[in-house]
Structure formats: structure tokens, C-alpha cells
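Structure file final19.cif (mmCIF, N, CA and C atoms and all ligand atoms) follows.
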data_protein
#
loop_
_atom_site.label_atom_id
_atom_site.label_comp_id
_atom_site.auth_asym_id
_atom_site.auth_seq_id
_atom_site.Cartn_x
_atom_site.Cartn_y
_atom_site.Cartn_z
N MET A 1 13.38 -13.18 -1.19
CA MET A 1 13.79 -12.22 -0.16
C MET A 1 12.99 -12.49 1.13
N SER A 2 13.70 -12.61 2.25
CA SER A 2 12.97 -12.84 3.50
C SER A 2 12.47 -11.50 4.06
N TYR A 3 11.46 -11.59 4.87
CA TYR A 3 10.81 -10.39 5.39
C TYR A 3 11.66 -9.73 6.48
N ASP A 4 11.87 -8.43 6.37
CA ASP A 4 12.64 -7.67 7.35
C ASP A 4 11.67 -7.05 8.38
N GLU A 5 11.68 -7.60 9.56
CA GLU A 5 10.75 -7.14 10.61
C GLU A 5 10.98 -5.68 11.02
N ASN A 6 12.10 -5.12 10.59
CA ASN A 6 12.41 -3.74 10.96
C ASN A 6 12.14 -2.74 9.85
N ASN A 7 11.45 -3.18 8.77
CA ASN A 7 11.13 -2.20 7.73
C ASN A 7 10.12 -1.19 8.29
N ILE A 8 10.09 -0.03 7.65
CA ILE A 8 9.34 1.10 8.21
C ILE A 8 7.84 0.81 8.33
N PHE A 9 7.28 0.03 7.41
CA PHE A 9 5.84 -0.25 7.49
C PHE A 9 5.55 -1.26 8.60
N ALA A 10 6.49 -2.16 8.88
CA ALA A 10 6.32 -3.07 10.02
C ALA A 10 6.30 -2.25 11.31
N LYS A 11 7.13 -1.23 11.37
CA LYS A 11 7.15 -0.37 12.57
C LYS A 11 5.86 0.42 12.69
N ILE A 12 5.31 0.87 11.56
CA ILE A 12 4.02 1.57 11.59
C ILE A 12 2.93 0.61 12.06
N LEU A 13 2.95 -0.62 11.54
CA LEU A 13 1.93 -1.62 11.96
C LEU A 13 2.01 -1.89 13.46
N ARG A 14 3.22 -1.91 14.00
CA ARG A 14 3.39 -2.17 15.44
C ARG A 14 3.12 -0.93 16.29
N GLY A 15 2.87 0.21 15.63
CA GLY A 15 2.60 1.44 16.37
C GLY A 15 3.86 2.11 16.89
N GLU A 16 5.02 1.70 16.39
CA GLU A 16 6.29 2.29 16.85
C GLU A 16 6.56 3.62 16.16
N ILE A 17 5.95 3.80 14.99
CA ILE A 17 6.08 5.04 14.22
C ILE A 17 4.67 5.49 13.88
N PRO A 18 4.36 6.79 14.02
CA PRO A 18 2.99 7.24 13.74
C PRO A 18 2.71 7.28 12.24
N CYS A 19 1.44 7.29 11.91
CA CYS A 19 1.04 7.49 10.52
C CYS A 19 -0.27 8.27 10.50
N ASP A 20 -0.56 8.85 9.35
CA ASP A 20 -1.81 9.58 9.15
C ASP A 20 -2.81 8.55 8.60
N LYS A 21 -3.50 7.90 9.54
CA LYS A 21 -4.33 6.74 9.18
C LYS A 21 -5.57 7.15 8.39
N VAL A 22 -5.85 6.37 7.36
CA VAL A 22 -7.02 6.58 6.51
C VAL A 22 -8.08 5.53 6.81
N TYR A 23 -7.63 4.30 7.07
CA TYR A 23 -8.56 3.17 7.23
C TYR A 23 -7.82 2.01 7.89
N GLU A 24 -8.57 1.22 8.66
CA GLU A 24 -7.98 0.01 9.23
C GLU A 24 -9.08 -1.03 9.42
N ASP A 25 -8.77 -2.26 9.12
CA ASP A 25 -9.67 -3.36 9.48
C ASP A 25 -8.82 -4.58 9.82
N ASP A 26 -9.41 -5.77 9.85
CA ASP A 26 -8.65 -6.96 10.26
C ASP A 26 -7.50 -7.28 9.30
N TYR A 27 -7.62 -6.82 8.05
CA TYR A 27 -6.68 -7.26 7.01
C TYR A 27 -5.67 -6.20 6.59
N VAL A 28 -6.05 -4.93 6.70
CA VAL A 28 -5.20 -3.87 6.15
C VAL A 28 -5.06 -2.70 7.12
N LEU A 29 -3.98 -1.96 6.89
CA LEU A 29 -3.83 -0.62 7.44
C LEU A 29 -3.58 0.29 6.24
N SER A 30 -4.22 1.46 6.26
CA SER A 30 -4.07 2.40 5.16
C SER A 30 -3.75 3.77 5.75
N PHE A 31 -2.81 4.44 5.12
CA PHE A 31 -2.37 5.74 5.64
C PHE A 31 -1.82 6.58 4.50
N ARG A 32 -1.66 7.89 4.76
CA ARG A 32 -1.19 8.80 3.70
C ARG A 32 0.32 8.67 3.53
N ASP A 33 0.74 8.72 2.25
CA ASP A 33 2.16 8.65 1.94
C ASP A 33 2.85 9.89 2.50
N ILE A 34 4.03 9.69 3.08
CA ILE A 34 4.77 10.79 3.71
C ILE A 34 5.29 11.78 2.66
N SER A 35 5.38 11.33 1.44
CA SER A 35 5.91 12.16 0.36
C SER A 35 4.94 12.11 -0.83
N PRO A 36 3.78 12.80 -0.68
CA PRO A 36 2.71 12.62 -1.67
C PRO A 36 3.09 13.06 -3.08
N GLN A 37 2.73 12.24 -4.04
CA GLN A 37 3.02 12.52 -5.46
C GLN A 37 1.78 13.01 -6.20
N ALA A 38 0.68 13.18 -5.49
CA ALA A 38 -0.58 13.64 -6.08
C ALA A 38 -1.42 14.20 -4.93
N PRO A 39 -2.48 14.97 -5.25
CA PRO A 39 -3.31 15.53 -4.17
C PRO A 39 -3.82 14.46 -3.22
N VAL A 40 -4.15 13.29 -3.74
CA VAL A 40 -4.49 12.14 -2.88
C VAL A 40 -3.45 11.06 -3.14
N HIS A 41 -2.73 10.69 -2.09
CA HIS A 41 -1.72 9.62 -2.23
C HIS A 41 -1.79 8.78 -0.96
N ILE A 42 -2.48 7.66 -1.10
CA ILE A 42 -2.77 6.79 0.03
C ILE A 42 -2.05 5.46 -0.18
N LEU A 43 -1.52 4.91 0.89
CA LEU A 43 -0.91 3.58 0.85
C LEU A 43 -1.83 2.59 1.55
N VAL A 44 -1.88 1.38 1.03
CA VAL A 44 -2.64 0.30 1.67
C VAL A 44 -1.69 -0.87 1.85
N ILE A 45 -1.59 -1.36 3.08
CA ILE A 45 -0.68 -2.49 3.35
C ILE A 45 -1.44 -3.61 4.05
N PRO A 46 -1.10 -4.86 3.72
CA PRO A 46 -1.70 -5.96 4.47
C PRO A 46 -1.10 -6.00 5.88
N LYS A 47 -1.84 -6.55 6.83
CA LYS A 47 -1.32 -6.65 8.19
C LYS A 47 -0.31 -7.78 8.33
N GLY A 48 -0.36 -8.74 7.42
CA GLY A 48 0.60 -9.85 7.45
C GLY A 48 1.96 -9.42 6.91
N ALA A 49 2.97 -10.24 7.21
CA ALA A 49 4.36 -9.94 6.85
C ALA A 49 4.67 -10.48 5.45
N TYR A 50 4.40 -9.65 4.43
CA TYR A 50 4.67 -10.05 3.04
C TYR A 50 5.55 -9.00 2.39
N VAL A 51 6.56 -9.46 1.69
CA VAL A 51 7.54 -8.55 1.09
C VAL A 51 6.97 -7.83 -0.12
N SER A 52 6.22 -8.55 -0.94
CA SER A 52 5.85 -8.02 -2.26
C SER A 52 4.50 -8.59 -2.68
N ILE A 53 4.01 -8.09 -3.80
CA ILE A 53 2.74 -8.61 -4.33
C ILE A 53 2.87 -10.10 -4.65
N ALA A 54 4.04 -10.50 -5.13
CA ALA A 54 4.25 -11.92 -5.46
C ALA A 54 4.24 -12.77 -4.19
N ASP A 55 4.90 -12.29 -3.16
CA ASP A 55 4.96 -12.99 -1.87
C ASP A 55 3.55 -13.10 -1.27
N PHE A 56 2.82 -11.99 -1.32
CA PHE A 56 1.46 -11.96 -0.77
C PHE A 56 0.55 -12.93 -1.52
N SER A 57 0.62 -12.88 -2.85
CA SER A 57 -0.25 -13.75 -3.66
C SER A 57 0.08 -15.22 -3.46
N ALA A 58 1.37 -15.53 -3.25
CA ALA A 58 1.78 -16.93 -3.08
C ALA A 58 1.47 -17.45 -1.68
N LYS A 59 1.65 -16.60 -0.66
CA LYS A 59 1.59 -17.10 0.72
C LYS A 59 0.38 -16.63 1.52
N GLY A 60 -0.30 -15.58 1.06
CA GLY A 60 -1.46 -15.08 1.80
C GLY A 60 -2.62 -16.06 1.72
N SER A 61 -3.44 -16.09 2.77
CA SER A 61 -4.64 -16.94 2.74
C SER A 61 -5.67 -16.30 1.82
N GLU A 62 -6.66 -17.13 1.42
CA GLU A 62 -7.76 -16.61 0.58
C GLU A 62 -8.42 -15.43 1.29
N GLU A 63 -8.59 -15.57 2.59
CA GLU A 63 -9.26 -14.53 3.38
C GLU A 63 -8.45 -13.23 3.39
N GLU A 64 -7.14 -13.37 3.56
CA GLU A 64 -6.30 -12.17 3.57
C GLU A 64 -6.30 -11.49 2.20
N ILE A 65 -6.24 -12.29 1.15
CA ILE A 65 -6.17 -11.72 -0.20
C ILE A 65 -7.49 -11.04 -0.54
N ALA A 66 -8.60 -11.71 -0.27
CA ALA A 66 -9.90 -11.10 -0.53
C ALA A 66 -10.08 -9.85 0.33
N GLY A 67 -9.71 -9.95 1.61
CA GLY A 67 -9.87 -8.82 2.52
C GLY A 67 -9.05 -7.63 2.06
N PHE A 68 -7.84 -7.90 1.59
CA PHE A 68 -6.96 -6.81 1.14
C PHE A 68 -7.58 -6.08 -0.05
N TRP A 69 -7.94 -6.84 -1.08
CA TRP A 69 -8.41 -6.18 -2.32
C TRP A 69 -9.77 -5.53 -2.12
N ARG A 70 -10.61 -6.11 -1.29
CA ARG A 70 -11.88 -5.44 -1.00
C ARG A 70 -11.63 -4.12 -0.28
N ALA A 71 -10.65 -4.11 0.62
CA ALA A 71 -10.33 -2.88 1.34
C ALA A 71 -9.77 -1.82 0.40
N VAL A 72 -8.93 -2.22 -0.55
CA VAL A 72 -8.36 -1.25 -1.51
C VAL A 72 -9.50 -0.52 -2.23
N SER A 73 -10.49 -1.28 -2.69
CA SER A 73 -11.61 -0.66 -3.42
C SER A 73 -12.47 0.19 -2.50
N LYS A 74 -12.66 -0.27 -1.28
CA LYS A 74 -13.45 0.51 -0.31
C LYS A 74 -12.76 1.85 -0.02
N ILE A 75 -11.45 1.81 0.15
CA ILE A 75 -10.69 3.04 0.45
C ILE A 75 -10.75 3.99 -0.74
N ALA A 76 -10.63 3.47 -1.95
CA ALA A 76 -10.74 4.32 -3.15
C ALA A 76 -12.12 4.98 -3.19
N SER A 77 -13.13 4.21 -2.91
CA SER A 77 -14.49 4.73 -2.94
C SER A 77 -14.71 5.78 -1.84
N GLU A 78 -14.27 5.46 -0.63
CA GLU A 78 -14.50 6.37 0.51
C GLU A 78 -13.71 7.67 0.38
N ASN A 79 -12.69 7.66 -0.47
CA ASN A 79 -11.88 8.87 -0.65
C ASN A 79 -12.18 9.55 -1.99
N ASP A 80 -13.37 9.23 -2.54
CA ASP A 80 -13.89 9.90 -3.74
C ASP A 80 -12.96 9.78 -4.95
N LEU A 81 -12.30 8.66 -5.08
CA LEU A 81 -11.38 8.49 -6.20
C LEU A 81 -12.04 7.82 -7.40
N VAL A 82 -13.17 7.16 -7.19
CA VAL A 82 -13.68 6.26 -8.23
C VAL A 82 -14.26 7.00 -9.43
N ASP A 83 -15.09 8.01 -9.19
CA ASP A 83 -15.76 8.65 -10.33
C ASP A 83 -14.77 9.34 -11.25
N ALA A 84 -13.83 10.09 -10.69
CA ALA A 84 -12.86 10.81 -11.53
C ALA A 84 -11.74 9.91 -12.00
N GLY A 85 -11.55 8.79 -11.34
CA GLY A 85 -10.48 7.86 -11.72
C GLY A 85 -9.25 8.04 -10.85
N PHE A 86 -8.44 7.01 -10.84
CA PHE A 86 -7.25 7.02 -9.99
C PHE A 86 -6.29 5.96 -10.51
N ARG A 87 -5.10 5.91 -9.93
CA ARG A 87 -4.12 4.89 -10.33
C ARG A 87 -3.70 4.08 -9.11
N THR A 88 -3.56 2.78 -9.33
CA THR A 88 -2.98 1.91 -8.30
C THR A 88 -1.60 1.48 -8.79
N ILE A 89 -0.64 1.49 -7.89
CA ILE A 89 0.73 1.08 -8.22
C ILE A 89 1.23 0.13 -7.13
N ALA A 90 1.87 -0.94 -7.57
CA ALA A 90 2.57 -1.83 -6.62
C ALA A 90 4.00 -1.98 -7.13
N ASN A 91 4.88 -1.15 -6.64
CA ASN A 91 6.29 -1.26 -7.02
C ASN A 91 6.86 -2.54 -6.42
N THR A 92 7.63 -3.26 -7.23
CA THR A 92 8.16 -4.55 -6.78
C THR A 92 9.64 -4.67 -7.10
N GLY A 93 10.44 -4.86 -6.06
CA GLY A 93 11.86 -5.16 -6.24
C GLY A 93 12.65 -4.02 -6.85
N LEU A 94 13.85 -4.34 -7.26
CA LEU A 94 14.82 -3.34 -7.74
C LEU A 94 14.31 -2.61 -8.98
N ASN A 95 13.94 -3.36 -10.01
CA ASN A 95 13.50 -2.72 -11.25
C ASN A 95 12.20 -1.97 -11.06
N GLY A 96 11.38 -2.41 -10.12
CA GLY A 96 10.11 -1.74 -9.85
C GLY A 96 10.26 -0.51 -8.97
N GLY A 97 11.46 -0.31 -8.42
CA GLY A 97 11.70 0.87 -7.58
C GLY A 97 11.07 0.76 -6.21
N GLN A 98 10.92 -0.46 -5.71
CA GLN A 98 10.32 -0.64 -4.37
C GLN A 98 11.32 -0.23 -3.30
N GLU A 99 10.90 0.73 -2.46
CA GLU A 99 11.78 1.22 -1.39
C GLU A 99 11.51 0.51 -0.08
N VAL A 100 10.25 0.23 0.19
CA VAL A 100 9.89 -0.37 1.48
C VAL A 100 9.49 -1.84 1.25
N PRO A 101 10.22 -2.79 1.85
CA PRO A 101 9.98 -4.20 1.56
C PRO A 101 8.86 -4.83 2.38
N HIS A 102 7.71 -4.14 2.40
CA HIS A 102 6.46 -4.69 2.92
C HIS A 102 5.43 -4.37 1.85
N PHE A 103 4.78 -5.38 1.29
CA PHE A 103 3.86 -5.17 0.18
C PHE A 103 2.91 -4.01 0.44
N HIS A 104 2.78 -3.15 -0.55
CA HIS A 104 1.85 -2.03 -0.43
C HIS A 104 1.35 -1.61 -1.80
N ILE A 105 0.15 -1.07 -1.78
CA ILE A 105 -0.46 -0.48 -2.97
C ILE A 105 -0.51 1.02 -2.76
N HIS A 106 -0.09 1.75 -3.79
CA HIS A 106 -0.28 3.21 -3.80
C HIS A 106 -1.61 3.50 -4.49
N LEU A 107 -2.41 4.38 -3.91
CA LEU A 107 -3.60 4.91 -4.58
C LEU A 107 -3.33 6.38 -4.84
N LEU A 108 -3.34 6.76 -6.11
CA LEU A 108 -3.02 8.13 -6.50
C LEU A 108 -4.20 8.74 -7.24
N GLY A 109 -4.59 9.94 -6.85
CA GLY A 109 -5.71 10.59 -7.52
C GLY A 109 -5.80 12.05 -7.14
N GLY A 110 -6.95 12.66 -7.51
CA GLY A 110 -7.14 14.08 -7.23
C GLY A 110 -6.70 14.96 -8.39
N ARG A 111 -6.06 14.38 -9.37
CA ARG A 111 -5.70 15.05 -10.63
C ARG A 111 -5.35 13.95 -11.62
N ALA A 112 -5.21 14.35 -12.91
CA ALA A 112 -4.74 13.37 -13.91
C ALA A 112 -3.32 12.96 -13.53
N ILE A 113 -3.08 11.68 -13.46
CA ILE A 113 -1.80 11.18 -12.94
C ILE A 113 -0.70 11.16 -14.00
N GLY A 114 -1.06 11.24 -15.27
CA GLY A 114 -0.03 11.35 -16.30
C GLY A 114 0.39 10.01 -16.86
N PRO A 115 1.52 10.00 -17.59
CA PRO A 115 1.95 8.78 -18.27
C PRO A 115 2.11 7.61 -17.31
N MET A 116 1.85 6.42 -17.82
CA MET A 116 1.85 5.25 -16.95
C MET A 116 3.25 4.97 -16.40
N VAL A 117 4.27 5.11 -17.24
CA VAL A 117 5.62 4.88 -16.74
C VAL A 117 6.55 5.97 -17.23
N SER A 118 7.58 6.21 -16.43
CA SER A 118 8.61 7.18 -16.80
C SER A 118 9.39 6.67 -17.99
N LYS A 119 9.79 7.60 -18.87
CA LYS A 119 10.64 7.18 -20.00
C LYS A 119 12.12 7.18 -19.60
N ALA A 120 12.40 7.68 -18.40
CA ALA A 120 13.80 7.75 -17.96
C ALA A 120 14.41 6.35 -17.84
N ALA A 121 15.68 6.26 -18.16
CA ALA A 121 16.34 4.96 -18.09
C ALA A 121 16.64 4.63 -16.64
P1 LIG A 201 7.77 2.22 -2.76
O1 LIG A 201 8.80 2.92 -3.59
O2 LIG A 201 6.65 1.69 -3.60
O3 LIG A 201 8.36 1.21 -1.83
O4 LIG A 201 7.08 3.37 -1.90
C1 LIG A 201 7.28 3.56 -0.54
C2 LIG A 201 6.50 4.79 -0.17
O5 LIG A 201 6.45 4.85 1.23
C3 LIG A 201 7.11 6.11 -0.65
O6 LIG A 201 6.16 6.73 -1.54
C4 LIG A 201 7.29 6.94 0.60
C5 LIG A 201 6.48 6.20 1.64
N1 LIG A 201 7.06 6.21 2.97
C6 LIG A 201 8.32 5.90 3.32
N2 LIG A 201 8.50 6.01 4.65
C7 LIG A 201 7.29 6.39 5.15
C8 LIG A 201 6.82 6.66 6.46
O7 LIG A 201 7.54 6.59 7.46
N3 LIG A 201 5.52 7.05 6.57
C9 LIG A 201 4.69 7.15 5.50
N4 LIG A 201 3.43 7.54 5.72
N5 LIG A 201 5.09 6.89 4.24
C10 LIG A 201 6.39 6.51 4.08
#
Kindly present the structure from the file in C-alpha cells form.
Amino acid sequence: MSYDENNIFAKILRGEIPCDKVYEDDYVLSFRDISPQAPVHILVIPKGAYVSIADFSAKGSEEEIAGFWRAVSKIASENDLVDAGFRTIANTGLNGGQEVPHFHIHLLGGRAIGPMVSKAA
């Protein structure tokens, strides 16, 4: 799948749409999910144009990949998610239920998040 420059997270990265920013550095932008599924629901996106975790892992530089994952852990720590625990989710493609085609990690916490996957068909 080629990258759609008009996806909503690309617009947020370009500053065309506002977000409730949590963290930003050279590699990532992090902001609160518009439709939170837990008391803490933060998204982390790379600044580069990658569709999915597979695309990012295949095409991202070592620096981007290291910078991204270090930022994910820093954001979890700075938002007090580590001691009580939290969940990271990277929905991918149709079966994964990915709605926005710019790679992102969900950080969910602030309560027990429940079963790992829905039993719904
Ligand atoms: P996914 O299904 O993994 O692609 O999740 C996309 C998430 O993005 C979903 O939880 C809702 C969130 N989202 C969609 N549009 C916006 C937006 O304009 N702003 C913010 N902050 N979050 C958005």
C-alpha cells in the first residue's frame, strides 16, 4: 500500500489539524486519541511517511526506528503507565482494524485494559 499524504495523521503532522500534544521530538509526535478507549489513551506516530509497522520496520532508518521505540517507552514512563502496566497496540491493515494509514502505536492505561483480543467475529 502506498502512503496517502492526505491521511489524518499526515495532516496533524503538517499542523493542518490540531491535536492534544503529549510529546514531540525529532522522530515522533504523540497526542491523545480523539476517541479514548481508556483513561489514558495516547497515540505515538513516527514523523516519517510509513503506512504500517511492517512498512516502518522495512524502510525506516536505524535512527528512526531506535528513536521511535525509545520515545514510546519515554512517553509511557512520563505518563505514569509503567508501574501499574499498560497495553501497546499497533493495528495493521484490514484484519487488524487499522483506520488511519500512518503507522501508530496506541498506549492504553489508567485501568485494567481487559482481554487481549475481542472474541467477536
Ligand atoms: P487505528 O484503528 O489503529 O487506525 O486507530 C486510529 C485512531 O486514531 C482511533 O483510535 C481514533 C484516532 N483518531 C482518528 N482521527 C483522529 C484525529 O483527528 N485526532 C486524534 N487525536 N485521533 C484521531
Taking the backbone alone, and naming residues the way the document does, which bits of chain A are strand (DSSP E or B) by DSSP, as a compact mmCIF listing (two decimals) with N, CA and C atoms, in the frame of the given file?
# COMPACT_ATOMS: atom_id res chain seq x y z
N LYS A 21 -3.50 7.90 9.54
CA LYS A 21 -4.33 6.74 9.18
C LYS A 21 -5.57 7.15 8.39
N VAL A 22 -5.85 6.37 7.36
CA VAL A 22 -7.02 6.58 6.51
C VAL A 22 -8.08 5.53 6.81
N TYR A 23 -7.63 4.30 7.07
CA TYR A 23 -8.56 3.17 7.23
C TYR A 23 -7.82 2.01 7.89
N GLU A 24 -8.57 1.22 8.66
CA GLU A 24 -7.98 0.01 9.23
C GLU A 24 -9.08 -1.03 9.42
N VAL A 28 -6.05 -4.93 6.70
CA VAL A 28 -5.20 -3.87 6.15
C VAL A 28 -5.06 -2.70 7.12
N LEU A 29 -3.98 -1.96 6.89
CA LEU A 29 -3.83 -0.62 7.44
C LEU A 29 -3.58 0.29 6.24
N SER A 30 -4.22 1.46 6.26
CA SER A 30 -4.07 2.40 5.16
C SER A 30 -3.75 3.77 5.75
N PHE A 31 -2.81 4.44 5.12
CA PHE A 31 -2.37 5.74 5.64
C PHE A 31 -1.82 6.58 4.50
N ARG A 32 -1.66 7.89 4.76
CA ARG A 32 -1.19 8.80 3.70
C ARG A 32 0.32 8.67 3.53
N VAL A 40 -4.15 13.29 -3.74
CA VAL A 40 -4.49 12.14 -2.88
C VAL A 40 -3.45 11.06 -3.14
N HIS A 41 -2.73 10.69 -2.09
CA HIS A 41 -1.72 9.62 -2.23
C HIS A 41 -1.79 8.78 -0.96
N ILE A 42 -2.48 7.66 -1.10
CA ILE A 42 -2.77 6.79 0.03
C ILE A 42 -2.05 5.46 -0.18
N LEU A 43 -1.52 4.91 0.89
CA LEU A 43 -0.91 3.58 0.85
C LEU A 43 -1.83 2.59 1.55
N VAL A 44 -1.88 1.38 1.03
CA VAL A 44 -2.64 0.30 1.67
C VAL A 44 -1.69 -0.87 1.85
N ILE A 45 -1.59 -1.36 3.08
CA ILE A 45 -0.68 -2.49 3.35
C ILE A 45 -1.44 -3.61 4.05
N PRO A 46 -1.10 -4.86 3.72
CA PRO A 46 -1.70 -5.96 4.47
C PRO A 46 -1.10 -6.00 5.88
N ARG A 87 -5.10 5.91 -9.93
CA ARG A 87 -4.12 4.89 -10.33
C ARG A 87 -3.70 4.08 -9.11
N THR A 88 -3.56 2.78 -9.33
CA THR A 88 -2.98 1.91 -8.30
C THR A 88 -1.60 1.48 -8.79
N ILE A 89 -0.64 1.49 -7.89
CA ILE A 89 0.73 1.08 -8.22
C ILE A 89 1.23 0.13 -7.13
N ILE A 105 0.15 -1.07 -1.78
CA ILE A 105 -0.46 -0.48 -2.97
C ILE A 105 -0.51 1.02 -2.76
N HIS A 106 -0.09 1.75 -3.79
CA HIS A 106 -0.28 3.21 -3.80
C HIS A 106 -1.61 3.50 -4.49
N LEU A 107 -2.41 4.38 -3.91
CA LEU A 107 -3.60 4.91 -4.58
C LEU A 107 -3.33 6.38 -4.84
N LEU A 108 -3.34 6.76 -6.11
CA LEU A 108 -3.02 8.13 -6.50
C LEU A 108 -4.20 8.74 -7.24
N GLY A 109 -4.59 9.94 -6.85
CA GLY A 109 -5.71 10.59 -7.52
C GLY A 109 -5.80 12.05 -7.14
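Residue nearest Phe56 (chain A) within the list A:Gln98, A:Phe103, A:Trp69, A:Gly114: A:Phe103 [criterion: smallest interatomic distance, all atoms listed in the file].
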Quiz item: Can you tell me, as a VMD selection string, what residues are no more than 9 Å from region 80-84 of chain A when counting only C-alpha atoms, ignoring any on the same chain fewer than 4 positions away?
Solution: chain A and resid 40 73 75 to 76 107 to 112
Self-check item: For atom C of Val117 (chain A) and atom C of Val44 (chain A), the interatomic separation in Å (one decimal)
Solution: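 Atom-to-atom, atom C of Val117 (chain A) to atom C of Val44 (chain A), that is 21.9 Å.
Straight-line separation from atom N of Arg70 (chain A) to atom N of Lys21 (chain A): 19.1 Å.
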